[in-house]
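Q: Hey, dropping structure-v4.txt in here, compact mmCIF, C-alpha atoms and all ligand atoms:
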```txt
# COMPACT_ATOMS: atom_id res chain seq x y z
CA MET N 1 -66.09 -70.46 -37.32
CA THR N 2 -65.38 -69.88 -33.62
CA LEU N 3 -61.74 -70.59 -32.78
CA TYR N 4 -61.85 -69.83 -29.11
CA ALA N 5 -63.85 -70.38 -25.93
CA SER N 6 -63.20 -69.36 -22.34
CA ARG N 7 -62.94 -71.20 -19.06
CA ILE N 8 -62.46 -70.46 -15.38
CA ILE N 9 -59.05 -71.58 -14.11
CA GLY N 10 -59.06 -70.08 -10.61
CA THR N 11 -61.54 -68.89 -7.98
CA GLY N 12 -61.19 -67.05 -4.70
CA SER N 13 -63.24 -65.38 -2.00
CA ALA N 14 -62.86 -63.12 1.02
CA PHE N 15 -65.14 -61.87 3.79
CA PRO N 16 -64.90 -59.24 6.52
CA GLU N 17 -64.03 -60.54 9.97
CA THR N 18 -67.07 -59.28 11.88
CA ARG N 19 -70.02 -61.65 12.16
CA ARG N 20 -73.52 -60.23 12.73
CA THR N 21 -75.81 -62.97 14.02
CA ASN N 22 -79.60 -63.01 14.06
CA GLU N 23 -79.38 -62.44 17.80
CA ASP N 24 -77.36 -59.28 17.13
CA LEU N 25 -80.09 -58.12 14.72
CA SER N 26 -82.80 -58.82 17.27
CA ARG N 27 -81.14 -56.16 19.44
CA MET N 28 -81.26 -53.64 16.56
CA VAL N 29 -84.80 -54.16 15.15
CA ASP N 30 -88.00 -55.93 16.17
CA THR N 31 -87.14 -59.45 14.98
CA THR N 32 -86.08 -62.85 16.26
CA ASN N 33 -83.56 -65.52 15.33
CA GLU N 34 -86.46 -67.93 14.76
CA TRP N 35 -88.28 -65.62 12.32
CA ILE N 36 -85.15 -64.94 10.25
CA LEU N 37 -84.10 -68.59 10.18
CA GLU N 38 -87.56 -69.83 9.22
CA ARG N 39 -88.22 -67.22 6.50
CA THR N 40 -84.71 -66.96 5.01
CA GLY N 41 -82.39 -69.75 6.21
CA ILE N 42 -79.81 -67.10 7.22
CA GLN N 43 -77.95 -67.57 10.52
CA GLU N 44 -75.34 -64.83 10.27
CA ARG N 45 -73.69 -62.44 7.82
CA ARG N 46 -70.35 -60.61 7.67
CA ILE N 47 -70.19 -56.84 8.03
CA ALA N 48 -67.22 -54.75 6.87
CA ARG N 49 -65.79 -52.40 9.49
CA LYS N 50 -66.70 -48.83 8.52
CA GLY N 51 -63.73 -46.68 7.57
CA ASP N 52 -61.26 -49.57 7.75
CA PRO N 53 -59.27 -49.57 4.48
CA THR N 54 -58.55 -53.30 4.87
CA GLU N 55 -62.28 -53.95 4.53
CA PHE N 56 -63.19 -51.60 1.70
CA ASN N 57 -64.97 -53.27 -1.20
CA SER N 58 -61.77 -53.19 -3.30
CA SER N 59 -59.74 -54.63 -0.41
CA LEU N 60 -62.07 -57.63 -0.11
CA GLY N 61 -61.95 -57.89 -3.92
CA HIS N 62 -58.15 -57.78 -3.71
CA ARG N 63 -57.96 -60.68 -1.25
CA ALA N 64 -60.39 -62.74 -3.35
CA ALA N 65 -58.46 -61.91 -6.55
CA LEU N 66 -55.11 -62.96 -5.05
CA ARG N 67 -56.58 -66.35 -4.12
CA ALA N 68 -58.08 -66.80 -7.59
CA LEU N 69 -54.77 -65.85 -9.26
CA GLU N 70 -52.89 -68.28 -7.05
CA MET N 71 -55.22 -71.14 -7.99
CA ALA N 72 -54.90 -70.16 -11.65
CA GLY N 73 -51.10 -70.00 -11.46
CA LYS N 74 -51.19 -66.44 -12.84
CA THR N 75 -49.68 -63.12 -11.75
CA PRO N 76 -51.23 -59.64 -11.92
CA ASP N 77 -49.06 -58.99 -14.99
CA ASP N 78 -50.96 -61.69 -16.87
CA ILE N 79 -54.28 -59.85 -16.54
CA ASP N 80 -55.60 -58.16 -19.71
CA ALA N 81 -58.78 -56.82 -18.12
CA ILE N 82 -60.51 -56.50 -14.74
CA ILE N 83 -64.30 -56.52 -14.81
CA TYR N 84 -65.72 -55.71 -11.38
CA ALA N 85 -69.37 -56.35 -10.65
CA THR N 86 -70.65 -54.25 -7.76
CA CYS N 87 -73.50 -51.96 -6.74
CA SER N 88 -71.66 -50.73 -3.64
CA PRO N 89 -68.44 -49.21 -5.08
CA ASP N 90 -65.65 -47.76 -2.92
CA THR N 91 -66.24 -44.45 -4.71
CA LEU N 92 -68.40 -43.41 -7.69
CA VAL N 93 -65.16 -42.40 -9.42
CA PRO N 94 -62.68 -43.91 -9.82
CA SER N 95 -64.26 -47.31 -10.34
CA THR N 96 -63.67 -50.04 -7.78
CA ALA N 97 -61.98 -51.96 -10.62
CA CYS N 98 -59.35 -49.22 -10.86
CA TRP N 99 -58.83 -49.26 -7.09
CA LEU N 100 -58.28 -53.02 -7.37
CA GLN N 101 -55.97 -52.63 -10.35
CA GLN N 102 -53.80 -50.31 -8.27
CA LYS N 103 -53.78 -52.73 -5.32
CA LEU N 104 -52.85 -55.66 -7.55
CA GLY N 105 -50.33 -53.71 -9.62
CA ALA N 106 -51.96 -55.15 -12.75
CA ARG N 107 -50.42 -52.49 -14.98
CA ARG N 108 -51.24 -54.04 -18.38
CA ALA N 109 -54.97 -54.33 -17.70
CA TRP N 110 -57.93 -52.12 -18.49
CA ALA N 111 -60.41 -52.05 -15.62
CA THR N 112 -64.08 -51.18 -15.27
CA ASP N 113 -67.08 -51.69 -12.99
CA ILE N 114 -70.42 -52.99 -14.10
CA ASN N 115 -73.63 -52.75 -12.08
CA ALA N 116 -76.24 -55.45 -12.55
CA ALA N 117 -76.81 -55.70 -8.77
CA CYS N 118 -77.06 -59.34 -7.67
CA SER N 119 -76.76 -60.59 -11.26
CA GLY N 120 -73.44 -58.78 -11.63
CA PHE N 121 -71.07 -61.74 -11.57
CA VAL N 122 -72.86 -63.49 -14.43
CA TYR N 123 -73.03 -60.21 -16.40
CA ALA N 124 -69.30 -59.56 -15.88
CA SER N 125 -68.47 -63.17 -16.74
CA THR N 126 -70.46 -62.88 -19.96
CA ILE N 127 -68.46 -59.82 -21.00
CA ALA N 128 -65.21 -61.64 -20.15
CA ASP N 129 -66.32 -64.69 -22.14
CA LYS N 130 -67.02 -62.54 -25.23
CA PHE N 131 -63.61 -60.82 -25.10
CA LEU N 132 -61.87 -64.18 -24.76
CA ARG N 133 -63.94 -65.94 -27.44
CA SER N 134 -63.21 -63.13 -29.88
CA GLY N 135 -59.48 -63.71 -29.38
CA ALA N 136 -58.96 -60.14 -28.16
CA HIS N 137 -57.65 -61.22 -24.75
CA GLN N 138 -55.95 -64.15 -23.04
CA THR N 139 -56.71 -63.63 -19.32
CA ILE N 140 -59.50 -61.68 -17.57
CA LEU N 141 -60.12 -61.23 -13.87
CA VAL N 142 -63.81 -61.09 -12.94
CA VAL N 143 -64.81 -59.95 -9.45
CA GLY N 144 -68.21 -59.83 -7.76
CA ALA N 145 -67.94 -57.91 -4.48
CA GLU N 146 -70.08 -55.80 -2.19
CA VAL N 147 -69.99 -53.75 0.97
CA LEU N 148 -73.74 -53.39 1.16
CA ASN N 149 -73.93 -52.47 4.82
CA THR N 150 -73.53 -48.77 3.97
CA PHE N 151 -76.70 -48.91 1.85
CA VAL N 152 -78.83 -51.27 3.94
CA ASP N 153 -81.50 -49.59 6.09
CA TRP N 154 -80.65 -50.98 9.51
CA GLN N 155 -83.99 -49.64 10.81
CA ASP N 156 -86.03 -51.68 8.30
CA ARG N 157 -86.52 -55.20 9.66
CA THR N 158 -88.06 -56.44 6.41
CA SER N 159 -84.82 -55.95 4.45
CA CYS N 160 -81.83 -55.55 6.82
CA ILE N 161 -81.97 -59.18 7.91
CA LEU N 162 -81.03 -60.34 4.42
CA PHE N 163 -77.76 -58.69 3.46
CA GLY N 164 -74.04 -59.11 4.10
CA ASP N 165 -70.65 -58.12 2.72
CA GLY N 166 -68.11 -60.21 0.81
CA ALA N 167 -66.12 -60.73 -2.38
CA GLY N 168 -65.60 -63.49 -4.92
CA ALA N 169 -63.28 -63.62 -7.92
CA ALA N 170 -62.64 -65.82 -10.94
CA VAL N 171 -59.78 -65.90 -13.44
CA PHE N 172 -61.03 -66.57 -16.96
CA GLU N 173 -58.66 -67.81 -19.64
CA ARG N 174 -58.98 -68.17 -23.41
CA THR N 175 -59.01 -71.78 -24.56
CA GLU N 176 -59.70 -73.75 -27.77
CA ALA N 177 -63.34 -73.76 -28.89
CA ASP N 178 -63.46 -77.56 -28.70
CA ASN N 179 -62.10 -77.78 -25.14
CA PRO N 180 -64.86 -79.69 -23.29
CA ARG N 181 -63.99 -77.72 -20.13
CA ARG N 182 -65.36 -74.31 -21.05
CA ILE N 183 -68.18 -71.81 -20.65
CA LEU N 184 -70.96 -73.48 -22.63
CA SER N 185 -73.37 -70.55 -22.79
CA THR N 186 -74.47 -67.32 -21.17
CA HIS N 187 -77.93 -65.73 -21.23
CA LEU N 188 -78.78 -62.24 -19.96
CA GLN N 189 -81.97 -60.20 -19.75
CA SER N 190 -83.22 -57.14 -17.89
CA ASP N 191 -86.62 -55.59 -17.21
CA GLY N 192 -86.20 -51.95 -16.20
CA SER N 193 -89.96 -51.56 -15.81
CA LEU N 194 -89.61 -53.45 -12.51
CA TRP N 195 -87.16 -50.92 -11.03
CA ASP N 196 -89.35 -50.19 -8.02
CA VAL N 197 -89.28 -53.64 -6.44
CA PHE N 198 -85.72 -52.95 -5.34
CA HIS N 199 -84.06 -49.55 -5.53
CA THR N 200 -82.11 -46.86 -3.71
CA PRO N 201 -83.76 -43.51 -4.51
CA ALA N 202 -80.91 -41.14 -3.60
CA GLY N 203 -77.16 -40.99 -3.96
CA GLY N 204 -77.00 -40.85 -7.74
CA SER N 205 -77.37 -37.77 -9.95
CA ALA N 206 -81.18 -38.00 -9.94
CA LEU N 207 -81.47 -37.25 -6.24
CA GLU N 208 -78.73 -35.72 -4.14
CA VAL N 209 -78.33 -36.83 -0.53
CA THR N 210 -79.66 -33.85 1.46
CA HIS N 211 -80.83 -33.60 5.06
CA ASP N 212 -84.44 -34.17 3.89
CA VAL N 213 -83.44 -37.24 1.98
CA ILE N 214 -81.64 -38.65 5.01
CA GLU N 215 -84.65 -37.96 7.19
CA ARG N 216 -86.85 -39.90 4.73
CA ARG N 217 -84.13 -42.61 4.57
CA ASP N 218 -84.20 -42.35 0.79
CA HIS N 219 -80.44 -42.93 0.67
CA LYS N 220 -81.10 -46.51 1.79
CA MET N 221 -82.28 -49.58 -0.12
CA LYS N 222 -86.05 -50.04 -0.55
CA MET N 223 -87.40 -53.49 -1.19
CA LYS N 224 -90.75 -55.13 -1.96
CA GLY N 225 -89.78 -58.55 -0.69
CA LYS N 226 -92.89 -60.55 -1.49
CA GLU N 227 -92.98 -59.37 -5.12
CA ILE N 228 -89.29 -60.12 -5.65
CA PHE N 229 -89.72 -63.56 -4.14
CA LYS N 230 -92.30 -64.59 -6.76
CA ILE N 231 -90.42 -63.10 -9.70
CA ALA N 232 -87.15 -64.67 -8.52
CA VAL N 233 -88.53 -68.21 -8.32
CA LYS N 234 -90.05 -67.98 -11.80
CA THR N 235 -87.07 -66.39 -13.55
CA LEU N 236 -84.41 -68.56 -11.91
CA ALA N 237 -86.33 -71.63 -13.11
CA ASP N 238 -86.88 -70.12 -16.59
CA PHE N 239 -83.20 -69.22 -17.02
CA ALA N 240 -82.11 -72.71 -15.99
CA VAL N 241 -84.35 -74.21 -18.66
CA ARG N 242 -83.22 -71.66 -21.24
CA ALA N 243 -79.54 -72.52 -20.64
CA LEU N 244 -80.17 -76.25 -20.88
CA GLU N 245 -82.28 -75.99 -24.02
CA ALA N 246 -79.61 -73.89 -25.75
CA ASN N 247 -77.15 -76.73 -25.12
CA ASN N 248 -79.51 -79.61 -25.96
CA MET N 249 -79.31 -80.74 -22.35
CA THR N 250 -81.85 -81.69 -19.73
CA LEU N 251 -81.92 -81.22 -15.97
CA LYS N 252 -80.38 -84.69 -15.64
CA ASP N 253 -77.19 -83.34 -17.24
CA LEU N 254 -76.68 -80.83 -14.43
CA ASP N 255 -74.24 -81.77 -11.68
CA TRP N 256 -74.53 -78.52 -9.74
CA VAL N 257 -76.52 -75.31 -9.61
CA VAL N 258 -74.96 -72.21 -8.05
CA PRO N 259 -78.00 -69.94 -7.59
CA HIS N 260 -77.97 -66.35 -6.38
CA GLN N 261 -78.29 -66.61 -2.59
CA ALA N 262 -81.10 -64.18 -1.77
CA ASN N 263 -83.20 -66.41 0.46
CA LEU N 264 -82.91 -70.17 1.10
CA ARG N 265 -86.68 -70.43 0.60
CA ILE N 266 -86.30 -69.04 -2.94
CA ILE N 267 -83.60 -71.63 -3.69
CA GLU N 268 -85.81 -74.43 -2.31
CA ALA N 269 -88.78 -73.24 -4.35
CA VAL N 270 -86.66 -73.20 -7.54
CA ALA N 271 -85.38 -76.72 -6.83
CA LYS N 272 -88.97 -77.88 -6.35
CA ARG N 273 -90.18 -76.17 -9.51
CA LEU N 274 -87.37 -77.77 -11.54
CA ASP N 275 -87.72 -81.10 -9.72
CA LEU N 276 -84.04 -80.96 -8.75
CA PRO N 277 -82.84 -82.34 -5.40
CA MET N 278 -81.57 -79.68 -2.96
CA SER N 279 -78.34 -81.72 -2.80
CA LYS N 280 -77.47 -80.30 -6.25
CA MET N 281 -77.87 -76.69 -5.10
CA ILE N 282 -74.71 -75.06 -3.78
CA VAL N 283 -75.72 -72.93 -0.81
CA ASN N 284 -73.73 -70.71 1.55
CA ILE N 285 -76.45 -68.21 2.48
CA GLU N 286 -76.72 -69.52 6.05
CA ARG N 287 -73.25 -68.08 6.85
CA TYR N 288 -73.13 -64.97 4.65
CA GLY N 289 -76.67 -63.81 3.80
CA ASN N 290 -77.25 -62.09 0.46
CA THR N 291 -73.93 -60.59 -0.66
CA SER N 292 -75.43 -59.54 -4.01
CA ALA N 293 -72.80 -59.81 -6.81
CA ALA N 294 -70.57 -61.86 -4.48
CA THR N 295 -72.98 -64.74 -3.81
CA VAL N 296 -72.27 -66.80 -6.92
CA PRO N 297 -68.45 -66.48 -7.06
CA THR N 298 -68.09 -67.15 -3.32
CA ALA N 299 -70.36 -70.21 -3.41
CA LEU N 300 -68.57 -71.44 -6.55
CA ASP N 301 -65.19 -70.96 -4.89
CA GLU N 302 -66.27 -72.88 -1.81
CA ALA N 303 -67.53 -75.84 -3.83
CA VAL N 304 -64.39 -75.91 -5.99
CA ARG N 305 -62.09 -75.78 -2.98
CA ASP N 306 -63.91 -78.41 -0.92
CA GLY N 307 -63.95 -80.78 -3.90
CA ARG N 308 -67.68 -80.91 -4.54
CA ILE N 309 -67.21 -79.55 -8.06
CA GLN N 310 -64.98 -81.95 -9.99
CA PRO N 311 -63.32 -81.56 -13.42
CA GLY N 312 -65.72 -82.38 -16.24
CA GLN N 313 -68.87 -81.63 -14.23
CA THR N 314 -71.62 -79.37 -15.54
CA VAL N 315 -72.40 -76.31 -13.42
CA LEU N 316 -75.18 -73.75 -13.83
CA CYS N 317 -74.82 -70.26 -12.33
CA ASP N 318 -78.33 -68.81 -12.14
CA VAL N 319 -79.07 -65.25 -11.02
CA PHE N 320 -81.53 -62.39 -10.59
CA GLY N 321 -81.08 -58.94 -9.11
CA ALA N 322 -82.24 -55.35 -8.87
CA GLY N 323 -82.96 -53.69 -12.21
CA LEU N 324 -84.49 -56.16 -12.53
CA THR N 325 -81.74 -58.21 -14.09
CA TYR N 326 -81.58 -61.94 -14.81
CA GLY N 327 -79.03 -64.32 -16.23
CA SER N 328 -77.39 -67.71 -16.35
CA MET N 329 -73.99 -69.14 -17.21
CA LEU N 330 -73.64 -72.83 -17.99
CA LEU N 331 -70.13 -74.25 -17.82
CA ARG N 332 -68.23 -77.50 -17.81
CA TRP N 333 -65.67 -77.30 -15.01
N1 LIG N 401 -88.89 -60.09 11.85
C1 LIG N 401 -90.14 -60.36 12.30
N2 LIG N 401 -91.23 -60.10 11.56
C2 LIG N 401 -91.05 -59.58 10.33
C3 LIG N 401 -89.78 -59.27 9.82
C4 LIG N 401 -88.68 -59.55 10.64
N3 LIG N 401 -87.42 -59.31 10.23
N4 LIG N 401 -89.93 -58.77 8.58
C5 LIG N 401 -91.24 -58.74 8.31
N5 LIG N 401 -91.92 -59.24 9.37
C6 LIG N 401 -93.35 -59.40 9.50
C7 LIG N 401 -94.14 -58.55 8.56
O1 LIG N 401 -94.34 -57.27 9.08
C8 LIG N 401 -95.41 -59.33 8.42
O2 LIG N 401 -96.22 -59.07 9.53
P1 LIG N 401 -97.82 -58.96 9.38
O3 LIG N 401 -98.27 -60.30 8.89
O4 LIG N 401 -98.24 -58.61 10.75
O5 LIG N 401 -98.05 -57.86 8.37
C9 LIG N 401 -94.96 -60.79 8.51
O6 LIG N 401 -93.68 -60.74 9.15
C10 LIG N 401 -94.83 -61.46 7.19
O7 LIG N 401 -94.11 -60.63 6.31
P2 LIG N 401 -93.84 -61.01 4.82
O8 LIG N 401 -93.25 -59.84 4.12
O9 LIG N 401 -95.08 -61.62 4.25
O10 LIG N 401 -92.74 -62.17 4.98
P3 LIG N 401 -92.14 -63.11 3.90
O11 LIG N 401 -92.35 -64.52 4.26
O12 LIG N 401 -92.51 -62.69 2.50
O13 LIG N 401 -90.58 -62.85 4.07
C11 LIG N 401 -88.76 -61.71 3.02
C12 LIG N 401 -90.04 -61.59 3.83
C13 LIG N 401 -87.78 -62.53 3.84
C14 LIG N 401 -88.21 -60.34 2.77
C15 LIG N 401 -89.06 -62.46 1.69
O14 LIG N 401 -90.20 -61.89 1.08
C16 LIG N 401 -87.90 -62.41 0.71
O15 LIG N 401 -86.82 -62.93 0.97
N6 LIG N 401 -88.11 -61.83 -0.50
C17 LIG N 401 -87.06 -61.70 -1.50
C18 LIG N 401 -86.11 -60.63 -1.13
C19 LIG N 401 -84.95 -60.55 -2.06
O16 LIG N 401 -84.63 -61.47 -2.78
N7 LIG N 401 -84.27 -59.40 -2.01
C20 LIG N 401 -83.12 -59.10 -2.79
C21 LIG N 401 -83.42 -59.15 -4.24
S1 LIG N 401 -82.57 -58.14 -5.29
C22 LIG N 401 -81.04 -58.28 -4.83
O17 LIG N 401 -80.63 -59.35 -4.43
C23 LIG N 401 -80.22 -57.04 -4.91
```
Is it possible to give me this structure as C-alpha cells?
A:
Amino acid sequence: MTLYASRIIGTGSAFPETRRTNEDLSRMVDTTNEWILERTGIQERRIARKGDPTEFNSSLGHRAALRALEMAGKTPDDIDAIIYATCSPDTLVPSTACWLQQKLGARRAWATDINAACSGFVYASTIADKFLRSGAHQTILVVGAEVLNTFVDWQDRTSCILFGDGAGAAVFERTEADNPRRILSTHLQSDGSLWDVFHTPAGGSALEVTHDVIERRDHKMKMKGKEIFKIAVKTLADFAVRALEANNMTLKDLDWVVPHQANLRIIEAVAKRLDLPMSKMIVNIERYGNTSAATVPTALDEAVRDGRIQPGQTVLCDVFGAGLTYGSMLLRW
C-alpha cells in the first residue's frame, strides 16, 4: 500500500536581463522578424551576459529557487535533495546542482544534475516524486535551467532563432497518498536511436574541442528542425493520452496543459491533434523562446502566479527533447 504522494508547493523563475529581439537576430544572420514570428511565434528571448557570475546557469537557478522556496514557506535548511535538470551546466564538474547548493547554503541536501535536454524538468520531477512517495524524503527542490547561448550556433539561422536562457524551480513536498492535490502520474521514455536529430558533437569525452572542431563548428548544437517538428507533435499528443488513460481521465478533465515551448506552431498542432482549445495551453514562448529544461517550470510558475492555475485544477506537463526524450507529468494543483 502506498502511504505517500508528492505535490508542488512553490514555484519560481528567473531570466537574464538582456533581451534579444528578432530584429537583433536579423542583424546577425539572414532572417527577418516576419519569418521568425510566422514559423515559430517567438518575438524575443533572453540572453545571459557572458562571464557575468550573476547570470551563470546556477545564479539564474538560485534566483528561481529562492522564489519557489518563498512561495512554499520553506528555507534552504528544509531541502533534502536538489535535482537540477540542465544540458548547459556551469561546469562539467562540479554539477550545477552543487553550485546551487553552495549558493543556497542548503547544507543538509544531496545535489545532482540530470540531463534529459528539454524534457529535463519532467525527468527531475519524476525522480523527486519517487523519493517522496517512498517516504525517503520530505522536501525536494527541482530546477530546470539553461544558459544555452554558449552552445547555440549564432551563424546558423535555422536553429539560433529558437533558443533563449532562463531558469524555473519547483519545491516538491511529501504528502498523504489520498491528498487530492498531488502528482497523479509521471511517464518517461527515450529513444537514443534518434540522437542525430539534435546533438552537439564535441565538448564531451567523445570529441575534444580542438581548433579543427571549432572551425567545423562541431562544438555547437546541430538540429534537423523539420524532423523534430513531426516527432514532437506526435509524441506530445501520445504522452498526453497516455497520462490521461493511466488516470481514467479524458481530455475534458484537463484544465491546463503546460507543453515544452519549442515552437508555437508545434503547440498549436498538438492542440489541434488533441482537439483541445489553445486557451488551455499555457504559452510563454513569444517572450523567452525555447529555454529547454526551463520552459515548463517557468510557464507553470507564470500561470500559478497570475492566478490562471487554481487549487484543485488538473494540469498536464508534456515534454520532448534531445536524446530523444519524452515525458509527461499529470498533477492536481
Ligand atoms: N530565416 C529565414 N529563412 C529561413 C530561416 C530563418 N531563420 N531558417 C530557415 N529558413 C529557410 C530555409 O532555408 C528554407 O529555405 P528554402 O525553402 O529556400 O530551402 C525555408 O526557410 C523553409 O525552411 P524549413 O526548415 O522548411 O522551415 P520550417 O517551417 O520547418 O521551420 C523550424 C524551421 C522553425 C526550425 C521548425 O522546423 C522547428 O521549429 N522545428 C522544431 C525545432 C525544435 O523543436 N528544436 C528543439 C528540439 S529539441 C530541444 O528542444 C532541445
Q: Using all atoms listed in the file, which residues of chain N come within 7 Å of ligand LIG 401 (chain N), and what is the closest atom pair for each, with the distance in Å to one decimal? Give it as a tab-separated table, sorted by chain and residue number.
A:
```
residue	atom	partner	partner_atom	distance
N:Asp30	CA	N:LIG401	N1	6.1
N:Thr31	CA	N:LIG401	N1	3.6
N:Thr32	CA	N:LIG401	N1	5.9
N:Trp35	CA	N:LIG401	C1	5.6
N:Ile36	CA	N:LIG401	N3	6.1
N:Arg39	CA	N:LIG401	C13	5.4
N:Thr40	CA	N:LIG401	C13	5.5
N:Ala117	CA	N:LIG401	C23	5.3
N:Cys118	CA	N:LIG401	C23	4.8
N:Arg157	CA	N:LIG401	N3	4.2
N:Thr158	CA	N:LIG401	N4	3.7
N:Ser159	CA	N:LIG401	C14	5.8
N:Ile161	CA	N:LIG401	N3	5.9
N:Phe198	CA	N:LIG401	S1	6.1
N:Met223	CA	N:LIG401	N7	6.7
N:Gly225	CA	N:LIG401	N6	3.7
N:Lys226	CA	N:LIG401	O14	4.0
N:Ile228	CA	N:LIG401	C17	5.0
N:Phe229	CA	N:LIG401	C17	4.2
N:Ala262	CA	N:LIG401	O16	4.6
N:Asn263	CA	N:LIG401	O15	5.0
N:Asn290	CA	N:LIG401	O17	6.5
N:Ser292	CA	N:LIG401	O17	5.2
N:Phe320	CA	N:LIG401	S1	6.9
N:Gly321	CA	N:LIG401	S1	4.2
N:Ala322	CA	N:LIG401	S1	4.6
```
Q: Mind giving me the straight-line distance from atom CA of Asn179 of chain N to atom CA of Thr126 of chain N in Å, one decimal?
A: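 Separation between atom CA of Asn179 of chain N and atom CA of Thr126 of chain N: 17.9 Å.
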Q: Could you check how far atom CA of Thr325 of chain N sits from atom CA of Leu194 of chain N, in Å to one decimal?
A: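 Result for atom CA of Thr325 of chain N versus atom CA of Leu194 of chain N: 9.3 Å, one decimal.
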Q: Calculated over all atoms listed in the file, which of the candidates N:Val296, N:Val257, N:Gln102, N:Ser193 has the smallest distance to Ser279 of chain N?
A: N:Val257
Q: Please report, as CSV, each residue of segment 163-258 of chain N lying at most 10 Å from segment 297-300 of chain N, together with the nearest pair of atoms and the separation in Å rounded to one decimal; use all atoms listed in the file, and order rows by chain and ascending residue number.
A:
```
residue,atom,partner,partner_atom,distance
N:Gly166,CA,N:Thr298,CA,8.1
N:Ala167,CA,N:Thr298,CA,6.8
N:Gly168,CA,N:Pro297,CA,4.7
N:Ala169,CA,N:Pro297,CA,6.0
N:Ala170,CA,N:Pro297,CA,7.0
N:Trp256,CA,N:Leu300,CA,9.8
N:Val257,CA,N:Leu300,CA,9.4
N:Val258,CA,N:Leu300,CA,6.6
```
Q: Name the closest residue to Thr186 of chain N among the candidates N:Ala303, N:Ile47, N:Ala128, N:Ala206; distances are taken between atoms, counting only C-alpha atoms.
A: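 Closest to Thr186 of chain N of all the choices is N:Ala128.
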Q: Counting only C-alpha atoms, which residue out of N:Ser13, N:Thr200, N:Thr314, N:Thr295 sits closest to Arg181 of chain N?
A: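 The shortest atom-to-atom distance to Arg181 of chain N comes from N:Thr314.
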Q: I'd like to know which of N:Phe131, N:Tyr123, N:Tyr84, N:Tyr288 is closest to Arg20 of chain N, using all atoms listed in the file.
A: N:Tyr288
Q: Just how far from atom CA of Ala269 of chain N is atom CA of Val233 of chain N, in Å to one decimal?
A: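 Result for atom CA of Val233 of chain N versus atom CA of Ala269 of chain N: 6.4 Å, one decimal.
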Q: Given all atoms listed in the file as the basis, pick out the residue of N:Ala116, N:Ala202, N:Ala5, N:Ile214 nearest to Gly135 of chain N.
A: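 Residue with the minimum atom-to-atom distance to Gly135 of chain N: N:Ala5.
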Q: Excluding same-chain residues fewer than 5 positions from Glu268 of chain N, what lies within 10 Å of it counting all atoms listed in the file, as a ChimeraX atom specification?
A: /N:233,263,273-274,276-278,281
Q: Keeping only C-alpha atoms, write the selected residues as a PDB file, in the frame of the given file.
A:
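Output file result-v3.pdb follows:
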```
ATOM      1  CA  VAL N 233     -88.530 -68.210  -8.320  1.00  0.00           C
ATOM      2  CA  ASN N 263     -83.200 -66.410   0.460  1.00  0.00           C
ATOM      3  CA  ARG N 273     -90.180 -76.170  -9.510  1.00  0.00           C
ATOM      4  CA  LEU N 274     -87.370 -77.770 -11.540  1.00  0.00           C
ATOM      5  CA  LEU N 276     -84.040 -80.960  -8.750  1.00  0.00           C
ATOM      6  CA  PRO N 277     -82.840 -82.340  -5.400  1.00  0.00           C
ATOM      7  CA  MET N 278     -81.570 -79.680  -2.960  1.00  0.00           C
ATOM      8  CA  MET N 281     -77.870 -76.690  -5.100  1.00  0.00           C
TER       9      MET N 281
END
```
Q: I want to know what sits within 8 Å of Ile82 of chain N, based on only C-alpha atoms, with residues of the same chain fewer than 6 positions away left out; could you give that as a PyMOL selection string?
A: chain N and resi 97+101+109-112+140-143
Q: Hey, what's within 8 Å of segment 104-106 of chain N if we count all atoms listed in the file and toss same-chain stuff fewer than 5 positions away? As an MDAnalysis selection string, please?
A: chainID N and resid 62 76:79
Q: When you get a chance, write out N, CA, C and O atoms for segment 73-80 of chain N, as an mmCIF file, in the coordinates of the input.
A:
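Full text of out_10.cif as output:
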```cif
data_model
loop_
_atom_site.group_PDB
_atom_site.id
_atom_site.type_symbol
_atom_site.label_atom_id
_atom_site.label_comp_id
_atom_site.auth_asym_id
_atom_site.auth_seq_id
_atom_site.Cartn_x
_atom_site.Cartn_y
_atom_site.Cartn_z
ATOM 1 N N GLY N 73 -52.520 -70.020 -11.120
ATOM 2 C CA GLY N 73 -51.100 -70.000 -11.460
ATOM 3 C C GLY N 73 -50.742 -68.788 -12.308
ATOM 4 O O GLY N 73 -49.869 -68.859 -13.184
ATOM 5 N N LYS N 74 -51.424 -67.672 -12.067
ATOM 6 C CA LYS N 74 -51.190 -66.440 -12.840
ATOM 7 C C LYS N 74 -50.697 -65.331 -11.921
ATOM 8 O O LYS N 74 -50.904 -65.374 -10.700
ATOM 9 N N THR N 75 -50.104 -64.302 -12.514
ATOM 10 C CA THR N 75 -49.680 -63.120 -11.750
ATOM 11 C C THR N 75 -50.483 -61.924 -12.239
ATOM 12 O O THR N 75 -51.082 -61.976 -13.330
ATOM 13 N N PRO N 76 -50.489 -60.833 -11.475
ATOM 14 C CA PRO N 76 -51.230 -59.640 -11.920
ATOM 15 C C PRO N 76 -50.796 -59.161 -13.304
ATOM 16 O O PRO N 76 -51.609 -58.624 -14.060
ATOM 17 N N ASP N 77 -49.535 -59.399 -13.668
ATOM 18 C CA ASP N 77 -49.060 -58.990 -14.990
ATOM 19 C C ASP N 77 -49.726 -59.752 -16.136
ATOM 20 O O ASP N 77 -49.692 -59.309 -17.282
ATOM 21 N N ASP N 78 -50.293 -60.900 -15.816
ATOM 22 C CA ASP N 78 -50.960 -61.690 -16.870
ATOM 23 C C ASP N 78 -52.340 -61.144 -17.213
ATOM 24 O O ASP N 78 -52.938 -61.553 -18.215
ATOM 25 N N ILE N 79 -52.871 -60.238 -16.385
ATOM 26 C CA ILE N 79 -54.280 -59.850 -16.540
ATOM 27 C C ILE N 79 -54.445 -58.796 -17.644
ATOM 28 O O ILE N 79 -53.820 -57.737 -17.610
ATOM 29 N N ASP N 80 -55.300 -59.116 -18.618
ATOM 30 C CA ASP N 80 -55.600 -58.160 -19.710
ATOM 31 C C ASP N 80 -56.714 -57.205 -19.313
ATOM 32 O O ASP N 80 -56.759 -56.076 -19.800
#
```
